[in-house]
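Text of the file input.txt, holding compact mmCIF, C-alpha atoms and all ligand atoms:
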```txt
# COMPACT_ATOMS: atom_id res chain seq x y z
CA MET F 84 9.34 4.55 3.56
CA MET F 85 6.97 1.79 4.65
CA ILE F 86 6.27 -1.45 2.82
CA PHE F 87 3.21 -3.41 3.96
CA TYR F 88 3.62 -7.14 4.07
CA ASP F 89 1.16 -9.89 4.95
CA PHE F 90 2.99 -12.23 7.32
CA GLY F 91 -0.13 -14.38 7.56
CA LEU F 92 0.08 -14.06 11.35
CA SER F 93 -2.08 -12.64 14.08
CA VAL F 94 -0.64 -9.68 15.93
CA ARG F 95 -0.16 -11.95 18.95
CA GLU F 96 1.83 -14.49 16.96
CA TYR F 97 3.83 -11.76 15.24
CA ALA F 98 4.71 -10.32 18.65
CA ARG F 99 5.59 -13.76 20.02
CA ARG F 100 8.02 -14.49 17.19
CA GLY F 101 9.76 -11.16 17.72
CA LYS F 102 12.93 -10.65 15.72
CA LYS F 103 13.06 -14.37 14.87
CA ASN F 104 10.18 -13.98 12.43
CA ASP F 105 10.51 -14.88 8.77
CA PHE F 106 11.01 -11.41 7.29
CA PRO F 107 10.75 -11.09 3.52
CA ASP F 108 13.57 -10.21 1.17
CA VAL F 109 13.04 -7.14 -0.96
CA ASP F 110 14.78 -7.09 -4.33
CA ILE F 111 13.64 -3.77 -5.71
CA CYS F 112 14.34 -0.52 -3.92
CA PRO F 113 11.13 1.51 -3.64
CA HIS F 114 13.21 4.71 -3.49
CA CYS F 115 15.63 4.44 -6.44
CA LYS F 116 13.79 1.53 -8.18
CA GLY F 117 17.12 -0.29 -8.44
CA HIS F 118 16.92 -4.08 -8.85
CA ILE F 119 19.03 -4.81 -5.85
CA ARG F 120 18.63 -6.86 -2.68
CA LEU F 121 18.04 -4.53 0.26
CA LEU F 122 20.18 -5.21 3.31
CA ARG F 123 19.02 -5.77 6.86
CA HIS F 124 19.29 -2.61 8.87
CA GLY F 125 18.18 -3.58 12.37
CA PHE F 126 14.82 -3.18 14.07
CA TYR F 127 12.76 -0.65 15.89
CA PHE F 128 9.84 -1.31 18.20
CA ARG F 129 6.38 0.14 17.97
CA TYR F 130 2.99 -0.55 19.52
CA ALA F 131 0.18 -2.58 18.04
CA VAL F 132 -3.03 -2.04 20.01
CA THR F 133 -6.05 -4.35 20.06
CA ASN F 134 -9.19 -4.15 22.19
CA ASN F 135 -7.58 -6.16 24.97
CA ASN F 136 -3.85 -5.85 24.55
CA VAL F 137 -0.99 -3.55 23.75
CA PHE F 138 1.80 -5.38 21.97
CA SER F 139 5.27 -4.03 21.46
CA ILE F 140 6.38 -5.43 18.13
CA PRO F 141 9.64 -5.31 16.20
CA ILE F 142 9.66 -3.65 12.79
CA CYS F 143 12.34 -4.86 10.42
CA ARG F 144 14.31 -2.14 8.65
CA LEU F 145 16.13 -2.52 5.37
CA ARG F 146 18.63 -0.31 3.66
CA CYS F 147 19.33 0.08 -0.02
CA PRO F 148 23.06 -0.49 -0.75
CA SER F 149 22.72 1.67 -3.84
CA CYS F 150 20.93 4.84 -2.69
CA GLY F 151 21.40 4.35 1.06
CA LYS F 152 17.76 5.02 1.96
CA THR F 153 15.83 2.87 4.41
CA VAL F 154 12.57 0.93 4.22
CA SER F 155 10.44 -0.45 7.07
CA ILE F 156 8.45 -3.65 6.64
CA ILE F 157 5.13 -3.08 8.36
CA PRO F 158 2.88 -6.09 9.02
CA SER F 159 -0.36 -5.62 7.10
CA PHE F 160 -2.50 -5.85 10.23
CA LEU F 161 -1.42 -2.24 10.77
CA LEU F 162 -2.17 0.95 8.86
CA PRO F 163 0.26 3.82 8.40
CA TYR F 164 0.40 6.06 11.49
CA PHE F 165 -2.19 4.11 13.51
CA GLN F 166 -1.31 2.13 16.62
CA HIS F 167 -4.59 0.20 16.57
CA THR F 168 -4.69 -2.83 14.32
CA VAL F 169 -6.87 -2.90 11.19
CA ALA F 170 -9.31 -5.39 12.73
CA THR F 171 -9.54 -3.42 15.97
CA ILE F 172 -10.39 -0.19 14.16
CA LEU F 173 -12.98 -1.93 11.98
CA ILE F 174 -14.66 -3.69 14.92
CA LYS F 175 -14.80 -0.47 16.91
CA LEU F 176 -16.37 1.30 13.93
CA LYS F 177 -18.84 -1.49 13.33
CA HIS F 178 -20.08 -1.43 16.93
CA TYR F 179 -20.33 2.30 16.79
CA PHE F 180 -22.26 2.37 13.50
CA LEU F 181 -24.61 -0.45 14.41
CA TYR F 182 -25.23 0.00 18.11
CA ARG F 183 -23.82 3.43 18.94
CA LYS F 184 -21.63 1.44 21.25
CA VAL F 185 -18.29 2.99 22.16
CA ILE F 186 -15.44 0.59 22.80
CA GLY F 187 -12.63 2.52 24.46
CA TYR F 188 -12.32 6.28 24.31
CA ARG F 189 -15.12 8.25 22.68
CA GLN F 190 -12.71 10.87 21.37
CA LEU F 191 -10.62 8.25 19.64
CA LEU F 192 -13.68 6.66 18.14
CA GLU F 193 -14.87 10.01 16.85
CA PHE F 194 -11.52 10.43 15.18
CA PHE F 195 -11.74 6.95 13.61
CA ASN F 196 -15.28 7.71 12.52
CA GLN F 197 -14.34 11.00 10.85
CA ARG F 198 -11.40 9.47 9.04
CA PHE F 199 -13.43 6.52 7.85
CA ARG F 200 -16.32 8.68 6.66
CA LYS F 201 -13.87 10.82 4.74
CA ASN F 202 -12.67 7.73 2.88
CA LEU F 203 -16.05 6.22 1.96
CA THR F 204 -15.73 7.04 -1.72
CA ARG F 205 -12.18 5.69 -1.89
CA ILE F 206 -13.27 2.48 -0.20
CA GLU F 207 -16.19 2.15 -2.58
CA MET F 208 -13.86 2.69 -5.57
CA PHE F 209 -11.53 0.07 -4.17
CA PHE F 210 -14.30 -2.54 -4.09
CA ARG F 211 -15.33 -1.57 -7.63
CA ASP F 212 -11.73 -2.01 -8.74
CA VAL F 213 -11.50 -5.51 -7.32
CA GLY F 214 -14.72 -6.46 -9.06
CA PHE F 215 -17.62 -5.85 -6.70
CA ARG F 216 -20.74 -5.33 -8.81
CA GLY F 217 -23.37 -5.07 -6.07
CA VAL F 218 -25.27 -2.00 -4.97
CA PHE F 219 -24.04 0.28 -2.21
CA PRO F 220 -26.66 1.98 -0.03
CA PHE F 221 -27.17 5.64 -0.86
CA ASN F 222 -27.63 6.62 2.78
CA PRO F 223 -24.14 7.49 4.12
CA LYS F 224 -24.65 5.70 7.42
CA GLU F 225 -25.88 2.52 5.73
CA LYS F 226 -23.07 2.77 3.24
CA ALA F 227 -20.53 3.08 6.07
CA ILE F 228 -21.94 -0.04 7.73
CA LYS F 229 -21.86 -1.99 4.49
CA LEU F 230 -18.27 -0.96 3.74
CA VAL F 231 -17.00 -1.69 7.23
CA GLU F 232 -18.52 -5.16 7.02
CA MET F 233 -17.00 -5.74 3.60
CA LEU F 234 -13.60 -4.66 4.90
CA LEU F 235 -13.94 -6.99 7.88
CA ALA F 236 -14.80 -9.84 5.53
CA LEU F 237 -11.75 -9.15 3.36
CA GLY F 238 -9.47 -10.95 5.76
CA LYS F 239 -11.35 -14.14 4.94
CA THR F 240 -11.54 -13.87 1.17
CA PRO F 241 -9.01 -14.67 -1.54
CA LEU F 242 -10.26 -11.64 -3.51
CA LEU F 243 -7.36 -9.53 -2.40
CA LYS F 244 -4.69 -12.12 -3.02
CA ARG F 245 -4.52 -11.01 -6.61
CA GLY F 246 -3.73 -7.51 -5.43
CA ILE F 247 -0.22 -6.55 -4.50
CA GLY F 248 0.14 -9.27 -1.92
CA HIS F 249 -0.98 -7.33 1.10
CA PHE F 250 -3.78 -5.13 2.29
CA PRO F 251 -3.74 -2.55 -0.50
CA LEU F 252 -6.16 -0.01 0.88
CA ASN F 253 -5.54 2.57 3.55
CA PHE F 254 -9.15 3.13 4.52
CA MET F 255 -8.07 5.68 7.15
CA ALA F 256 -5.98 7.92 4.90
CA SER F 257 -5.78 11.55 5.96
ZN ZN F 301 17.70 2.51 -3.47
```
Write out the structure in this file as structure tokens.
Amino acid sequence: MMIFYDFGLSVREYARRGKKNDFPDVDICPHCKGHIRLLRHGFYFRYAVTNNNVFSIPICRLRCPSCGKTVSIIPSFLLPYFQHTVATILIKLKHYFLYRKVIGYRQLLEFFNQRFRKNLTRIEMFFRDVGFRGVFPFNPKEKAIKLVEMLLALGKTPLLKRGIGHFPLNFMAS
């Protein structure tokens, strides 16, 4: 299982700190719901891809002493099952929506585009849930542009801090 955690770091800084980073303690097991401190269970490495770099970053694993299952702490600049960072995906989509400009591989961008379009309603609901009362464009393309810009702006607003402490929306869910 994956837990998403906001380290408050750029991907570059996260990569630089490596295994010496300040990894959070987890006191409730997401598997068995036991109130118990999960134990460190080593690291694995995965890629985090931006427009200019490919970082190999350590992911901290924890293990529940009660049920024995493991948990990975994923930095919230990543989404489940995507190597590209959240900001990289959003910026690629924004350029594509606004200027038809393809950064990187067209095929990849088409995939991002399809996934994002599929999630428009979920993203809209998410912004309603956190209190957005404005109007969304009816036109799907305009709506996609609006939502991608709102998601990009999220990193700079305290709106989400009252959420569950990290990026709570997988806007690229399958
Ligand atoms: Zn457990």
Shell of 12 Å around ligand ZN 301 (chain F) (all atoms listed in the file), written as a ChimeraX atom specification
/F:84,109-122,145-154
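Closest approach to Ile156 of chain F among F:Val169, F:Val137, F:Phe254, F:Pro107: F:Pro107, based on all atoms listed in the file.
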Rounded to one decimal place, report the atom CA of Asp108 of chain F-atom CA of Phe128 of chain F distance in Å.
19.6 Å
Nearby residues, (7.2, -4.8, 9.1) file frame, 7 Å, only C-alpha atoms, as an NGL selection string
:F and (87-88 or 142-143 or 155-158)
Write to file, as a compact mmCIF listing (two decimals), keeping the file's coordinate frame, the residues of the selection just made, with C-alpha atoms.
```txt
# COMPACT_ATOMS: atom_id res chain seq x y z
CA PHE F 87 3.21 -3.41 3.96
CA TYR F 88 3.62 -7.14 4.07
CA ILE F 142 9.66 -3.65 12.79
CA CYS F 143 12.34 -4.86 10.42
CA SER F 155 10.44 -0.45 7.07
CA ILE F 156 8.45 -3.65 6.64
CA ILE F 157 5.13 -3.08 8.36
CA PRO F 158 2.88 -6.09 9.02
```
Taking all atoms of segment 86-92 of chain F that the file lists, what box with edges along x, y and z, padded by 6 Å per side, do you get, with centre and edge lengths in Å to one decimal, as JSON?
```
{"center_x": 3.1, "center_y": -7.9, "center_z": 7.1, "size_x": 18.4, "size_y": 24.9, "size_z": 20.5}
```
With the cut-off set at 7 Å and counting all atoms listed in the file, tabulate each residue of segment 144-182 of chain F with an atom at most that distance from an atom of segment 217-241 of chain F, showing the nearest atom pair and its distance in Å to one decimal, ordered by chain and increasing number, as a tab-separated table.
```
residue	atom	partner	partner_atom	distance
F:Ala170	CA	F:Leu235	CA	6.9
F:Leu173	CA	F:Val231	CA	6.2
F:Lys177	CA	F:Val231	CA	6.4
F:Phe180	CA	F:Ile228	CA	6.3
```
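When all atoms listed in the file are used to measure the gap to Tyr164 of chain F, the shortest distance among F:Phe90, F:Tyr179, F:Tyr130, F:Phe138 belongs to F:Tyr130.
Residues in contact with Gly91 of chain F at up to 10 Å, not including ones fewer than 3 positions away on its chain and judged by all atoms listed in the file, are Tyr88, Val94, Glu96, Tyr97, Pro158, Ser159, Phe160 and His249 of chain F.
Around Arg129 of chain F, within 10 Å and counting all atoms listed in the file, the residues found are Phe126, Val132, Phe138, Ser139, Ile140, Pro141, Ile142 and Gln166 of chain F, once anything fewer than 3 positions away on its own chain is removed.
Atom CA of Asp212 of chain F is found 21.2 Å from atom CA of Arg198 of chain F.
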Can you tell me, as a ChimeraX atom specification, what residues are no more than 12 Å from Tyr188 of chain F when counting all atoms listed in the file, ignoring any on the same chain fewer than 5 positions away?
/F:134,175,179,193-195
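Proximity of F:Asp89, F:Leu181, F:Arg99, F:Leu252 to Val213 of chain F, computed with only C-alpha atoms, is greatest for F:Leu252.
Put simply, atom CA of Leu176 of chain F is 12.7 Å away from atom CA of Gln190 of chain F.
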Do a neighbour search on Asn253 of chain F at 9 Å with only C-alpha atoms, toss out local chain neighbours closer than 5 positions, and write the hits as a PyMOL selection string.
chain F and resi 162-163+202+206
Because the input lacks atoms here, generate all heavy atoms for segment 121-132 of chain F and report them as a short mmCIF file (atom, residue, chain, number, x, y, z; two decimals), keeping the file's coordinate frame.
```cif
data_model
loop_
_atom_site.label_atom_id
_atom_site.label_comp_id
_atom_site.auth_asym_id
_atom_site.auth_seq_id
_atom_site.Cartn_x
_atom_site.Cartn_y
_atom_site.Cartn_z
N LEU F 121 17.85 -5.46 -0.86
CA LEU F 121 18.04 -4.53 0.26
C LEU F 121 18.65 -5.28 1.44
O LEU F 121 18.37 -6.45 1.65
CB LEU F 121 16.71 -3.88 0.66
CG LEU F 121 15.94 -3.14 -0.45
CD1 LEU F 121 14.79 -2.32 0.16
CD2 LEU F 121 16.83 -2.23 -1.27
N LEU F 122 19.46 -4.59 2.20
CA LEU F 122 20.18 -5.21 3.31
C LEU F 122 19.46 -4.97 4.62
O LEU F 122 18.83 -3.93 4.82
CB LEU F 122 21.59 -4.62 3.40
CG LEU F 122 22.44 -4.71 2.12
CD1 LEU F 122 23.74 -3.93 2.30
CD2 LEU F 122 22.73 -6.18 1.78
N ARG F 123 19.60 -5.93 5.53
CA ARG F 123 19.02 -5.77 6.86
C ARG F 123 19.65 -4.58 7.58
O ARG F 123 20.87 -4.40 7.53
CB ARG F 123 19.24 -7.04 7.68
CG ARG F 123 18.39 -8.21 7.25
CD ARG F 123 16.92 -7.94 7.54
NE ARG F 123 16.10 -9.08 7.15
CZ ARG F 123 15.85 -10.11 7.96
NH1 ARG F 123 16.37 -10.15 9.18
NH2 ARG F 123 15.11 -11.12 7.55
N HIS F 124 18.80 -3.83 8.23
CA HIS F 124 19.29 -2.61 8.87
C HIS F 124 18.70 -2.48 10.27
O HIS F 124 18.25 -1.41 10.68
CB HIS F 124 18.93 -1.42 7.98
CG HIS F 124 19.63 -0.14 8.33
ND1 HIS F 124 20.99 -0.01 8.34
CD2 HIS F 124 19.14 1.08 8.71
CE1 HIS F 124 21.32 1.22 8.69
NE2 HIS F 124 20.21 1.90 8.93
N GLY F 125 18.63 -3.60 10.98
CA GLY F 125 18.18 -3.58 12.37
C GLY F 125 16.67 -3.50 12.52
O GLY F 125 15.93 -3.70 11.56
N PHE F 126 16.24 -3.21 13.73
CA PHE F 126 14.82 -3.18 14.07
C PHE F 126 14.51 -1.94 14.88
O PHE F 126 15.38 -1.38 15.54
CB PHE F 126 14.44 -4.39 14.93
CG PHE F 126 14.55 -5.71 14.22
CD1 PHE F 126 15.75 -6.40 14.20
CD2 PHE F 126 13.45 -6.26 13.58
CE1 PHE F 126 15.86 -7.62 13.54
CE2 PHE F 126 13.54 -7.47 12.93
CZ PHE F 126 14.76 -8.16 12.91
N TYR F 127 13.24 -1.54 14.84
CA TYR F 127 12.76 -0.65 15.89
C TYR F 127 11.46 -1.24 16.42
O TYR F 127 10.87 -2.12 15.78
CB TYR F 127 12.56 0.79 15.38
CG TYR F 127 11.49 0.99 14.34
CD1 TYR F 127 10.18 1.27 14.72
CD2 TYR F 127 11.79 0.92 12.99
CE1 TYR F 127 9.19 1.47 13.77
CE2 TYR F 127 10.81 1.12 12.03
CZ TYR F 127 9.51 1.40 12.42
OH TYR F 127 8.54 1.58 11.48
N PHE F 128 11.06 -0.79 17.60
CA PHE F 128 9.84 -1.31 18.20
C PHE F 128 8.73 -0.28 18.17
O PHE F 128 8.99 0.92 18.31
CB PHE F 128 10.11 -1.76 19.65
CG PHE F 128 10.72 -3.12 19.72
CD1 PHE F 128 12.08 -3.30 19.48
CD2 PHE F 128 9.93 -4.23 19.97
CE1 PHE F 128 12.64 -4.57 19.51
CE2 PHE F 128 10.50 -5.51 20.01
CZ PHE F 128 11.84 -5.68 19.77
N ARG F 129 7.53 -0.74 17.92
CA ARG F 129 6.38 0.14 17.97
C ARG F 129 5.21 -0.63 18.60
O ARG F 129 5.29 -1.84 18.79
CB ARG F 129 6.00 0.66 16.59
CG ARG F 129 5.75 -0.41 15.54
CD ARG F 129 4.93 0.14 14.39
NE ARG F 129 3.55 0.38 14.81
CZ ARG F 129 2.62 0.95 14.05
NH1 ARG F 129 2.94 1.36 12.84
NH2 ARG F 129 1.39 1.10 14.47
N TYR F 130 4.14 0.09 18.90
CA TYR F 130 2.99 -0.55 19.52
C TYR F 130 1.98 -1.02 18.48
O TYR F 130 1.81 -0.39 17.44
CB TYR F 130 2.28 0.43 20.48
CG TYR F 130 3.09 0.75 21.70
CD1 TYR F 130 3.50 2.05 21.96
CD2 TYR F 130 3.46 -0.25 22.59
CE1 TYR F 130 4.26 2.35 23.08
CE2 TYR F 130 4.22 0.04 23.70
CZ TYR F 130 4.61 1.33 23.95
OH TYR F 130 5.37 1.62 25.06
N ALA F 131 1.34 -2.12 18.79
CA ALA F 131 0.18 -2.58 18.04
C ALA F 131 -0.92 -2.82 19.08
O ALA F 131 -0.77 -3.65 19.97
CB ALA F 131 0.50 -3.87 17.29
N VAL F 132 -2.00 -2.06 18.97
CA VAL F 132 -3.03 -2.04 20.01
C VAL F 132 -4.28 -2.77 19.52
O VAL F 132 -4.78 -2.51 18.42
CB VAL F 132 -3.39 -0.57 20.38
CG1 VAL F 132 -4.47 -0.53 21.45
CG2 VAL F 132 -2.15 0.17 20.86
#
```
